[in-house]
$ cat run.cif   # mmCIF, C-alpha atoms and all ligand atoms
data_model
loop_
_atom_site.group_PDB
_atom_site.id
_atom_site.type_symbol
_atom_site.label_atom_id
_atom_site.label_comp_id
_atom_site.auth_asym_id
_atom_site.auth_seq_id
_atom_site.Cartn_x
_atom_site.Cartn_y
_atom_site.Cartn_z
ATOM 1 C CA MET X 272 70.692 -100.245 258.732
ATOM 2 C CA ALA X 273 74.227 -101.136 257.555
ATOM 3 C CA PRO X 274 76.235 -103.082 260.164
ATOM 4 C CA ALA X 275 78.667 -100.896 262.146
ATOM 5 C CA ILE X 276 82.307 -101.191 261.054
ATOM 6 C CA PRO X 277 84.427 -102.525 263.947
ATOM 7 C CA VAL X 278 86.944 -100.179 265.522
ATOM 8 C CA VAL X 279 90.528 -101.494 265.248
ATOM 9 C CA ILE X 280 92.505 -98.711 266.912
ATOM 10 C CA GLU X 281 91.217 -96.609 269.753
ATOM 11 C CA ALA X 282 93.027 -93.827 271.621
ATOM 12 C CA ARG X 283 91.437 -92.993 274.970
ATOM 13 C CA GLY X 284 92.517 -89.816 276.740
ATOM 14 C CA LEU X 285 96.159 -90.182 275.683
ATOM 15 C CA GLY X 286 98.693 -87.813 277.183
ATOM 16 C CA LYS X 287 102.468 -87.747 277.103
ATOM 17 C CA ILE X 288 104.915 -85.816 279.243
ATOM 18 C CA PHE X 289 108.625 -86.234 278.523
ATOM 19 C CA SER X 290 110.674 -85.814 281.661
ATOM 20 C CA VAL X 291 113.779 -83.908 280.746
ATOM 21 C CA GLU X 292 116.356 -82.286 283.026
ATOM 22 C CA ARG X 293 115.262 -78.641 283.112
ATOM 23 C CA ALA X 294 111.514 -78.694 282.428
ATOM 24 C CA PRO X 295 109.184 -81.533 281.484
ATOM 25 C CA ILE X 296 107.776 -81.331 277.915
ATOM 26 C CA VAL X 297 104.019 -81.831 277.650
ATOM 27 C CA ALA X 298 103.925 -83.382 274.167
ATOM 28 C CA LEU X 299 100.333 -84.661 273.966
ATOM 29 C CA GLN X 300 97.136 -83.903 275.866
ATOM 30 C CA ASP X 301 93.824 -85.724 276.026
ATOM 31 C CA ILE X 302 93.926 -87.412 272.618
ATOM 32 C CA SER X 303 90.881 -89.562 271.870
ATOM 33 C CA PHE X 304 89.776 -91.036 268.525
ATOM 34 C CA ALA X 305 88.718 -94.302 266.940
ATOM 35 C CA VAL X 306 89.867 -95.804 263.641
ATOM 36 C CA PRO X 307 87.350 -98.138 261.958
ATOM 37 C CA GLU X 308 88.586 -101.320 260.255
ATOM 38 C CA GLY X 309 89.937 -100.869 256.735
ATOM 39 C CA ARG X 310 89.849 -97.060 256.791
ATOM 40 C CA PHE X 311 92.576 -94.709 255.612
ATOM 41 C CA VAL X 312 93.126 -92.138 258.372
ATOM 42 C CA SER X 313 95.628 -89.279 258.137
ATOM 43 C CA LEU X 314 97.056 -87.112 260.878
ATOM 44 C CA VAL X 315 98.156 -83.559 260.071
ATOM 45 C CA GLY X 316 99.587 -80.885 262.332
ATOM 46 C CA PRO X 317 102.517 -78.510 262.710
ATOM 47 C CA SER X 318 106.072 -79.709 263.219
ATOM 48 C CA GLY X 319 106.762 -80.745 266.799
ATOM 49 C CA CYS X 320 103.079 -81.119 267.769
ATOM 50 C CA GLY X 321 103.584 -84.767 268.728
ATOM 51 C CA LYS X 322 102.537 -86.737 265.621
ATOM 52 C CA SER X 323 105.460 -89.170 265.695
ATOM 53 C CA THR X 324 105.093 -89.589 269.457
ATOM 54 C CA LEU X 325 101.412 -90.451 268.998
ATOM 55 C CA LEU X 326 102.184 -92.967 266.253
ATOM 56 C CA GLN X 327 104.823 -94.622 268.434
ATOM 57 C CA MET X 328 102.288 -94.850 271.259
ATOM 58 C CA LEU X 329 99.776 -96.516 268.899
ATOM 59 C CA ALA X 330 102.529 -98.978 267.946
ATOM 60 C CA GLY X 331 103.255 -99.833 271.592
ATOM 61 C CA LEU X 332 106.796 -98.458 271.298
ATOM 62 C CA VAL X 333 106.402 -95.494 273.674
ATOM 63 C CA PRO X 334 104.316 -95.694 276.875
ATOM 64 C CA SER X 335 101.670 -93.031 277.443
ATOM 65 C CA THR X 336 101.677 -90.893 280.609
ATOM 66 C CA THR X 337 97.868 -90.914 280.781
ATOM 67 C CA GLY X 338 95.160 -92.817 278.923
ATOM 68 C CA GLU X 339 95.499 -95.934 276.815
ATOM 69 C CA VAL X 340 95.627 -97.365 273.307
ATOM 70 C CA LEU X 341 93.391 -100.291 272.384
ATOM 71 C CA VAL X 342 93.826 -102.504 269.337
ATOM 72 C CA ASP X 343 90.932 -104.879 268.704
ATOM 73 C CA GLY X 344 89.629 -103.902 272.142
ATOM 74 C CA ALA X 345 92.805 -104.966 274.019
ATOM 75 C CA VAL X 346 95.146 -102.488 275.719
ATOM 76 C CA VAL X 347 98.485 -102.144 273.875
ATOM 77 C CA ARG X 348 101.481 -102.473 276.206
ATOM 78 C CA ARG X 349 104.188 -103.584 273.772
ATOM 79 C CA PRO X 350 104.666 -103.844 269.989
ATOM 80 C CA ILE X 351 102.411 -106.374 268.249
ATOM 81 C CA PRO X 352 104.237 -106.955 264.919
ATOM 82 C CA GLU X 353 101.771 -109.640 263.814
ATOM 83 C CA LYS X 354 99.034 -106.983 263.799
ATOM 84 C CA ILE X 355 100.832 -103.661 263.324
ATOM 85 C CA SER X 356 103.656 -102.664 260.944
ATOM 86 C CA VAL X 357 105.357 -99.303 261.341
ATOM 87 C CA MET X 358 107.083 -97.206 258.670
ATOM 88 C CA PHE X 359 109.209 -94.678 260.536
ATOM 89 C CA GLN X 360 109.870 -91.093 259.509
ATOM 90 C CA ASP X 361 113.577 -91.786 258.992
ATOM 91 C CA ALA X 362 113.425 -95.488 258.180
ATOM 92 C CA THR X 363 115.963 -96.745 255.702
ATOM 93 C CA LEU X 364 116.584 -100.048 254.012
ATOM 94 C CA LEU X 365 119.638 -101.997 255.135
ATOM 95 C CA PRO X 366 122.238 -101.020 252.493
ATOM 96 C CA TRP X 367 124.224 -104.273 252.726
ATOM 97 C CA LYS X 368 121.193 -106.476 252.081
ATOM 98 C CA ARG X 369 119.623 -107.137 248.696
ATOM 99 C CA ILE X 370 116.075 -105.835 248.079
ATOM 100 C CA ALA X 371 114.407 -109.231 248.605
ATOM 101 C CA GLU X 372 116.448 -109.758 251.809
ATOM 102 C CA ASN X 373 115.332 -106.345 253.082
ATOM 103 C CA ILE X 374 111.681 -107.319 252.609
ATOM 104 C CA GLU X 375 112.329 -110.671 254.290
ATOM 105 C CA PHE X 376 114.095 -109.110 257.266
ATOM 106 C CA PRO X 377 111.041 -108.657 259.581
ATOM 107 C CA LEU X 378 109.943 -112.190 258.679
ATOM 108 C CA GLU X 379 113.385 -113.526 259.582
ATOM 109 C CA ILE X 380 113.127 -111.837 262.988
ATOM 110 C CA ALA X 381 109.668 -113.380 263.447
ATOM 111 C CA GLY X 382 111.160 -116.842 262.718
ATOM 112 C CA VAL X 383 109.289 -117.467 259.456
ATOM 113 C CA PRO X 384 110.914 -120.417 257.559
ATOM 114 C CA ALA X 385 113.121 -119.500 254.564
ATOM 115 C CA ALA X 386 110.887 -120.931 251.824
ATOM 116 C CA GLU X 387 107.860 -118.992 253.071
ATOM 117 C CA ARG X 388 109.953 -115.830 253.477
ATOM 118 C CA HIS X 389 111.110 -116.040 249.853
ATOM 119 C CA ALA X 390 107.560 -116.621 248.612
ATOM 120 C CA ARG X 391 106.158 -113.693 250.600
ATOM 121 C CA ALA X 392 108.947 -111.347 249.476
ATOM 122 C CA ALA X 393 108.280 -112.319 245.851
ATOM 123 C CA GLY X 394 104.567 -111.619 246.336
ATOM 124 C CA MET X 395 105.231 -108.210 247.888
ATOM 125 C CA LEU X 396 107.698 -107.277 245.125
ATOM 126 C CA ALA X 397 105.038 -108.113 242.548
ATOM 127 C CA LEU X 398 102.491 -106.031 244.484
ATOM 128 C CA VAL X 399 104.688 -102.920 244.369
ATOM 129 C CA GLY X 400 105.740 -103.650 240.765
ATOM 130 C CA LEU X 401 109.456 -104.125 241.415
ATOM 131 C CA SER X 402 109.987 -107.892 240.928
ATOM 132 C CA GLU X 403 112.958 -107.383 238.631
ATOM 133 C CA PHE X 404 114.887 -105.595 241.408
ATOM 134 C CA ALA X 405 114.845 -108.481 243.914
ATOM 135 C CA GLU X 406 118.591 -109.100 243.685
ATOM 136 C CA ARG X 407 119.654 -105.443 243.560
ATOM 137 C CA TYR X 408 120.943 -103.371 246.473
ATOM 138 C CA PRO X 409 119.087 -100.294 247.831
ATOM 139 C CA HIS X 410 121.611 -97.798 246.354
ATOM 140 C CA GLU X 411 120.721 -99.086 242.871
ATOM 141 C CA LEU X 412 117.101 -97.861 243.261
ATOM 142 C CA SER X 413 115.609 -94.355 243.134
ATOM 143 C CA GLY X 414 114.142 -92.698 246.258
ATOM 144 C CA GLY X 415 110.571 -93.492 245.175
ATOM 145 C CA MET X 416 111.462 -97.121 244.462
ATOM 146 C CA ARG X 417 113.070 -97.439 247.884
ATOM 147 C CA GLN X 418 109.866 -96.103 249.459
ATOM 148 C CA ARG X 419 107.872 -98.749 247.587
ATOM 149 C CA ILE X 420 110.252 -101.396 248.950
ATOM 150 C CA ALA X 421 109.753 -99.983 252.458
ATOM 151 C CA ILE X 422 105.978 -100.354 251.970
ATOM 152 C CA ALA X 423 106.520 -103.933 250.731
ATOM 153 C CA ARG X 424 108.652 -104.640 253.826
ATOM 154 C CA GLY X 425 105.887 -103.225 256.053
ATOM 155 C CA LEU X 426 103.250 -105.379 254.372
ATOM 156 C CA ALA X 427 105.334 -108.598 254.275
ATOM 157 C CA PRO X 428 104.307 -109.821 257.759
ATOM 158 C CA ASN X 429 100.675 -109.350 256.604
ATOM 159 C CA PRO X 430 99.671 -106.986 259.432
ATOM 160 C CA ARG X 431 96.120 -105.650 259.612
ATOM 161 C CA ILE X 432 97.331 -102.181 260.473
ATOM 162 C CA LEU X 433 99.980 -100.046 258.795
ATOM 163 C CA LEU X 434 101.248 -96.983 260.685
ATOM 164 C CA MET X 435 103.156 -94.645 258.348
ATOM 165 C CA ASP X 436 105.126 -91.623 259.582
ATOM 166 C CA GLU X 437 105.612 -89.148 256.679
ATOM 167 C CA PRO X 438 106.704 -91.936 254.332
ATOM 168 C CA PHE X 439 106.883 -89.642 251.279
ATOM 169 C CA GLY X 440 108.293 -86.542 253.004
ATOM 170 C CA ALA X 441 111.681 -86.733 251.269
ATOM 171 C CA LEU X 442 110.322 -87.229 247.731
ATOM 172 C CA ASP X 443 109.840 -84.627 244.997
ATOM 173 C CA GLU X 444 106.243 -83.564 244.280
ATOM 174 C CA GLN X 445 105.779 -85.665 241.136
ATOM 175 C CA THR X 446 107.083 -88.844 242.754
ATOM 176 C CA ARG X 447 105.050 -88.103 245.839
ATOM 177 C CA ILE X 448 101.809 -87.884 243.840
ATOM 178 C CA LYS X 449 102.663 -91.158 242.074
ATOM 179 C CA MET X 450 103.408 -92.809 245.414
ATOM 180 C CA GLY X 451 100.038 -91.623 246.733
ATOM 181 C CA HIS X 452 98.276 -93.331 243.812
ATOM 182 C CA GLU X 453 100.389 -96.434 244.346
ATOM 183 C CA LEU X 454 99.547 -96.559 248.045
ATOM 184 C CA LEU X 455 95.811 -96.208 247.300
ATOM 185 C CA ARG X 456 96.055 -99.070 244.797
ATOM 186 C CA ILE X 457 97.819 -101.292 247.360
ATOM 187 C CA TRP X 458 95.373 -100.263 250.083
ATOM 188 C CA ALA X 459 92.360 -101.121 247.884
ATOM 189 C CA LYS X 460 93.908 -104.512 247.114
ATOM 190 C CA THR X 461 95.035 -105.468 250.629
ATOM 191 C CA LYS X 462 92.211 -103.806 252.650
ATOM 192 C CA LYS X 463 94.565 -102.769 255.475
ATOM 193 C CA THR X 464 93.765 -100.119 258.044
ATOM 194 C CA ILE X 465 96.217 -97.257 257.430
ATOM 195 C CA PHE X 466 97.210 -94.476 259.841
ATOM 196 C CA PHE X 467 99.273 -91.960 257.866
ATOM 197 C CA ILE X 468 101.170 -88.875 259.068
ATOM 198 C CA THR X 469 101.894 -86.044 256.658
ATOM 199 C CA HIS X 470 102.635 -82.309 256.630
ATOM 200 C CA SER X 471 100.725 -81.921 253.371
ATOM 201 C CA LEU X 472 97.019 -81.147 253.678
ATOM 202 C CA THR X 473 96.539 -81.969 249.982
ATOM 203 C CA GLU X 474 98.164 -85.374 250.401
ATOM 204 C CA ALA X 475 96.123 -86.103 253.542
ATOM 205 C CA LEU X 476 92.857 -85.205 251.846
ATOM 206 C CA PHE X 477 93.684 -86.973 248.576
ATOM 207 C CA LEU X 478 94.434 -90.262 250.352
ATOM 208 C CA SER X 479 92.104 -90.417 253.336
ATOM 209 C CA ASP X 480 88.619 -91.259 254.543
ATOM 210 C CA ILE X 481 89.218 -89.296 257.741
ATOM 211 C CA VAL X 482 91.729 -86.519 258.504
ATOM 212 C CA LEU X 483 92.651 -85.873 262.141
ATOM 213 C CA VAL X 484 93.926 -82.340 262.722
ATOM 214 C CA MET X 485 96.310 -81.676 265.593
ATOM 215 C CA SER X 486 97.148 -78.434 267.397
ATOM 216 C CA HIS X 487 100.520 -77.044 268.406
ATOM 217 C CA ARG X 488 102.313 -78.601 271.335
ATOM 218 C CA PRO X 489 100.852 -79.830 273.562
ATOM 219 C CA GLY X 490 99.227 -81.730 270.720
ATOM 220 C CA ARG X 491 95.439 -82.069 270.897
ATOM 221 C CA ILE X 492 92.934 -83.168 268.262
ATOM 222 C CA VAL X 493 91.249 -79.948 267.069
ATOM 223 C CA GLY X 494 89.293 -81.456 264.170
ATOM 224 C CA VAL X 495 88.086 -84.771 262.759
ATOM 225 C CA ILE X 496 87.370 -84.187 259.069
ATOM 226 C CA ASP X 497 85.245 -86.584 257.074
ATOM 227 C CA ALA X 498 87.025 -86.704 253.705
ATOM 228 C CA ALA X 499 84.109 -88.359 251.944
ATOM 229 C CA LEU X 500 85.259 -87.566 248.401
ATOM 230 C CA PRO X 501 84.422 -90.150 245.735
ATOM 231 C CA ARG X 502 86.794 -93.072 245.056
ATOM 232 C CA PRO X 503 88.761 -94.129 243.100
ATOM 233 C CA ARG X 504 90.531 -90.793 243.301
ATOM 234 C CA THR X 505 92.412 -89.301 240.412
ATOM 235 C CA TYR X 506 94.693 -86.275 240.291
ATOM 236 C CA ASP X 507 91.822 -84.148 238.874
ATOM 237 C CA ILE X 508 89.987 -84.255 242.190
ATOM 238 C CA ILE X 509 92.643 -81.988 243.734
ATOM 239 C CA GLY X 510 91.439 -79.111 241.526
ATOM 240 C CA SER X 511 87.748 -79.589 242.349
ATOM 241 C CA ALA X 512 85.728 -77.065 244.364
ATOM 242 C CA GLU X 513 84.720 -79.775 246.843
ATOM 243 C CA PHE X 514 88.361 -80.690 247.517
ATOM 244 C CA GLY X 515 89.330 -77.031 247.929
ATOM 245 C CA ALA X 516 86.479 -76.399 250.375
ATOM 246 C CA VAL X 517 87.451 -79.281 252.668
ATOM 247 C CA ARG X 518 91.151 -78.357 252.471
ATOM 248 C CA ASN X 519 90.250 -74.804 253.498
ATOM 249 C CA ARG X 520 88.370 -76.132 256.525
ATOM 250 C CA ILE X 521 91.469 -78.041 257.624
ATOM 251 C CA TRP X 522 93.689 -75.026 256.962
ATOM 252 C CA LYS X 523 91.410 -72.804 259.081
ATOM 253 C CA LEU X 524 91.590 -75.245 261.987
ATOM 254 C CA ILE X 525 95.391 -75.247 261.789
ATOM 255 C CA SER X 526 95.849 -71.519 261.225
ATOM 256 C CA GLN X 527 93.393 -70.524 263.980
ATOM 257 C CA ASP X 528 95.411 -72.608 266.352
ATOM 258 C CA ASP X 529 98.558 -70.990 264.920
ATOM 259 C CA THR X 530 97.325 -67.509 265.815
ATOM 260 C CA GLU X 531 96.416 -68.586 269.327
ATOM 261 C CA ALA X 532 99.757 -70.256 269.922
ATOM 262 C CA GLY X 533 101.725 -67.463 268.241
ATOM 263 C CA GLU X 534 104.232 -69.936 266.875
ATOM 264 C CA THR X 535 105.456 -70.651 263.368
ATOM 265 C CA GLY X 536 105.507 -74.432 262.906
ATOM 266 C CA MET X 537 103.514 -74.629 259.665
ATOM 267 C CA ALA X 538 101.761 -77.472 257.955
ATOM 268 C CA SER X 539 102.105 -77.143 254.197
ATOM 269 C CA LEU X 540 99.238 -76.888 251.775
HETATM 270 N N1 LIG R 601 112.346 -88.936 273.538
HETATM 271 C C1 LIG R 601 112.015 -87.663 273.744
HETATM 272 N N2 LIG R 601 112.467 -86.996 274.818
HETATM 273 C C2 LIG R 601 112.098 -85.716 275.065
HETATM 274 N N3 LIG R 601 111.274 -85.006 274.256
HETATM 275 C C3 LIG R 601 110.808 -85.615 273.163
HETATM 276 C C4 LIG R 601 111.145 -86.969 272.836
HETATM 277 N N4 LIG R 601 110.511 -87.308 271.687
HETATM 278 C C5 LIG R 601 109.815 -86.222 271.300
HETATM 279 N N5 LIG R 601 109.985 -85.208 272.183
HETATM 280 C C6 LIG R 601 109.359 -83.879 272.119
HETATM 281 O O1 LIG R 601 107.965 -84.037 271.933
HETATM 282 C C7 LIG R 601 107.467 -83.091 271.006
HETATM 283 C C8 LIG R 601 106.773 -83.794 269.864
HETATM 284 O O2 LIG R 601 107.733 -84.479 269.068
HETATM 285 P P1 LIG R 601 107.314 -85.355 267.794
HETATM 286 O O3 LIG R 601 108.559 -85.909 267.201
HETATM 287 O O4 LIG R 601 106.276 -86.315 268.205
HETATM 288 O O5 LIG R 601 106.667 -84.243 266.839
HETATM 289 P P2 LIG R 601 106.157 -84.336 265.333
HETATM 290 O O6 LIG R 601 104.786 -83.753 265.308
HETATM 291 O O7 LIG R 601 106.319 -85.719 264.819
HETATM 292 O O8 LIG R 601 107.145 -83.346 264.556
HETATM 293 P P3 LIG R 601 107.627 -83.387 263.021
HETATM 294 O O9 LIG R 601 106.462 -82.950 262.199
HETATM 295 O O10 LIG R 601 108.746 -82.376 262.983
HETATM 296 O O11 LIG R 601 108.095 -84.779 262.704
HETATM 297 C C9 LIG R 601 108.652 -82.246 270.588
HETATM 298 O O12 LIG R 601 108.646 -81.070 271.362
HETATM 299 C C10 LIG R 601 109.866 -83.085 270.932
HETATM 300 O O13 LIG R 601 110.946 -82.282 271.281
HETATM 301 MG MG MG R 602 107.454 -86.554 263.297
#

$ encode --input "run.cif" --output "structure tokens"
Amino acid sequence: MAPAIPVVIEARGLGKIFSVERAPIVALQDISFAVPEGRFVSLVGPSGCGKSTLLQMLAGLVPSTTGEVLVDGAVVRRPIPEKISVMFQDATLLPWKRIAENIEFPLEIAGVPAAERHARAAGMLALVGLSEFAERYPHELSGGMRQRIAIARGLAPNPRILLMDEPFGALDEQTRIKMGHELLRIWAKTKKTIFFITHSLTEALFLSDIVLVMSHRPGRIVGVIDAALPRPRTYDIIGSAEFGAVRNRIWKLISQDDTEAGETGMASL
């Protein structure tokens, strides 16, 4: 028997209630799942179902109301930047800093000496194929290039886990597909565990080993889909019958829940 892959992230009975003036918002309810080491896991679900809240709870940035998050078997109570990097939904590069300085920024905060910071930034720039832009400013790069720099910045502290909240949401379809390929290449090379939020079922399925499907608010896990399609993945796979069948299963889970909830927050195909 093959040895079991260790679990790096575990959510146990997570719930979140936001206390607001008029009525409390139940954002998440009874969320439990486990992410094995080195896997690419995506989370899909309608807008407002609590995906970003869940990611921030995994990162130790937002406390849960019930349940707990474990990383490497230890309960997470605060951010652990040496293990977990987060790419936020609306994260931007610092416009007044050069590209290399942007990548070095989290290392500077962590007190990494200058020489090592420069070396790591150079390594990350090479990894994302943008070495020649080290001395440029963010406004001199395209949207897709800036996203690659944001990935480089997330990887610079050499975390084991990368949490990504809709990192390609603002990109056009072509760039988005290219970025997906790029992320898979980087993932294969660095062997990180990736937890990736997206609205796109196609993107989730193209990238992932496992797709977690969430319901409308209060967000619950309504499906854990094994996306065991062959790797390396190329664009052609998206047109295959196998891909279409699994995507339909995810869509059914989401649309069934849609009918029950009678709301309109849609995930996109
Ligand atoms: N700090 C907060 N205070 C009060 N309510 C909040 C807070 N953060 C999130 N919420 C509420 O929790 C719910 C889930 O929000 P969240 O941002 O996690 O959704 P999401 O699934 O990431 O949505 P989207 O796909 O649009 O990014 C929403 O109803 C939102 O209004
Ligand atoms: Mg969100």

$ closest_residue --input "run.cif" --among "X:Phe467, X:Leu434, X:Val517, X:Ile296" --to "Gly319 in chain X" --atoms "all atoms listed in the file"
X:Ile296

$ resolve_selection --input "run.cif" --expression "the PyMOL selection byres (((chain X and resi 323) around 8) and not hetatm)" --output "list in words"
Gly321, Lys322, Thr324, Leu325, Leu326, Gln327, Gln360, Asp436 and Ile468 of chain X

$ closest_residue --input "run.cif" --among "X:Thr469, X:Ser303, X:Ser356, X:Gln445" --to "ligand MG 602 (chain R)" --atoms "all atoms listed in the file"
X:Thr469

$ residues_around --input "run.cif" --residues "range 367-376 of chain X" --least-positions-apart "4" --cutoff "6 Å" --atoms "only C-alpha atoms" --output "list in words"
Arg388, Ala392, Ala405, Glu406, Arg407, Tyr408 and Arg424 of chain X

$ closest_atom_pairs --input "run.cif" --of "chain X" --to "ligand LIG 601 (chain R)" --cutoff "10 Å" --atoms "only C-alpha atoms and all ligand atoms" --output "CSV"
residue,atom,partner,partner_atom,distance
X:Lys287,CA,R:LIG601,O1,8.4
X:Ile288,CA,R:LIG601,O1,8.1
X:Phe289,CA,R:LIG601,C2,4.9
X:Ser290,CA,R:LIG601,C2,6.7
X:Val291,CA,R:LIG601,C2,6.2
X:Glu292,CA,R:LIG601,C2,9.7
X:Pro295,CA,R:LIG601,C2,8.2
X:Ile296,CA,R:LIG601,N3,6.3
X:Val297,CA,R:LIG601,O1,7.3
X:Ala298,CA,R:LIG601,O1,4.7
X:Leu299,CA,R:LIG601,C8,7.7
X:Leu314,CA,R:LIG601,O6,9.5
X:Val315,CA,R:LIG601,O6,8.5
X:Gly316,CA,R:LIG601,O6,6.6
X:Pro317,CA,R:LIG601,O9,6.0
X:Ser318,CA,R:LIG601,O9,3.4
X:Gly319,CA,R:LIG601,O8,3.5
X:Cys320,CA,R:LIG601,O6,4.0
X:Gly321,CA,R:LIG601,O4,3.1
X:Lys322,CA,R:LIG601,O6,3.7
X:Ser323,CA,R:LIG601,O7,3.7
X:Thr324,CA,R:LIG601,O4,3.7
X:Leu325,CA,R:LIG601,O4,6.4
X:Leu326,CA,R:LIG601,O4,8.1
X:Gln327,CA,R:LIG601,O4,8.4
X:Met328,CA,R:LIG601,O4,9.9
X:Val333,CA,R:LIG601,N1,8.9
X:Gln360,CA,R:LIG601,O11,7.3
X:Asp361,CA,R:LIG601,O11,9.6
X:Asp436,CA,R:LIG601,O7,8.0
X:Glu437,CA,R:LIG601,O11,7.8
X:Gly440,CA,R:LIG601,O11,9.9
X:Ile468,CA,R:LIG601,O7,8.3
X:Thr469,CA,R:LIG601,O9,7.8
X:His470,CA,R:LIG601,O9,6.8
X:Met485,CA,R:LIG601,O6,8.7
X:Ser486,CA,R:LIG601,O6,9.5
X:His487,CA,R:LIG601,O6,8.5
X:Arg488,CA,R:LIG601,O12,6.8
X:Pro489,CA,R:LIG601,C7,7.8
X:Gly490,CA,R:LIG601,C8,7.9
X:Gly536,CA,R:LIG601,O10,8.6
X:Met537,CA,R:LIG601,O9,9.2
X:Ala538,CA,R:LIG601,O9,8.4

$ residues_near_point --input "run.cif" --point "(112.4, -100.3, 253.9)" --cutoff "6 Å" --atoms "only C-alpha atoms" --output "JSON, numbers by chain"
{"X": [363, 364, 420, 421, 424]}

$ closest_residue --input "run.cif" --among "X:Phe439, X:Phe359, X:Phe311, X:Phe304" --to "ligand MG 602 (chain R)" --atoms "all atoms listed in the file"
X:Phe359

$ resolve_selection --input "run.cif" --expression "the PyMOL selection byres (((chain X and resi 433) around 10) and not hetatm)" --output "PyMOL selection string"
chain X and resi 311+330+354-358+422+425-426+429-432+434-436+458+463-467

$ residues_around --input "run.cif" --residues "range 505-511 of chain X" --least-positions-apart "2" --cutoff "8 Å" --atoms "only C-alpha atoms" --output "PDB file with C-alpha atoms, in the coordinates of the input"
ATOM      1  CA  HIS X 452      98.276 -93.331 243.812  1.00  0.00           C
ATOM      2  CA  THR X 473      96.539 -81.969 249.982  1.00  0.00           C
ATOM      3  CA  PHE X 477      93.684 -86.973 248.576  1.00  0.00           C
ATOM      4  CA  PRO X 503      88.761 -94.129 243.100  1.00  0.00           C
ATOM      5  CA  GLU X 513      84.720 -79.775 246.843  1.00  0.00           C
ATOM      6  CA  PHE X 514      88.361 -80.690 247.517  1.00  0.00           C
ATOM      7  CA  GLY X 515      89.330 -77.031 247.929  1.00  0.00           C
TER       8      GLY X 515
END

$ atom_distance --input "run.cif" --atom1 "CA of Gly382 in chain X" --atom2 "CA of Ala427 in chain X"
13.2 Å
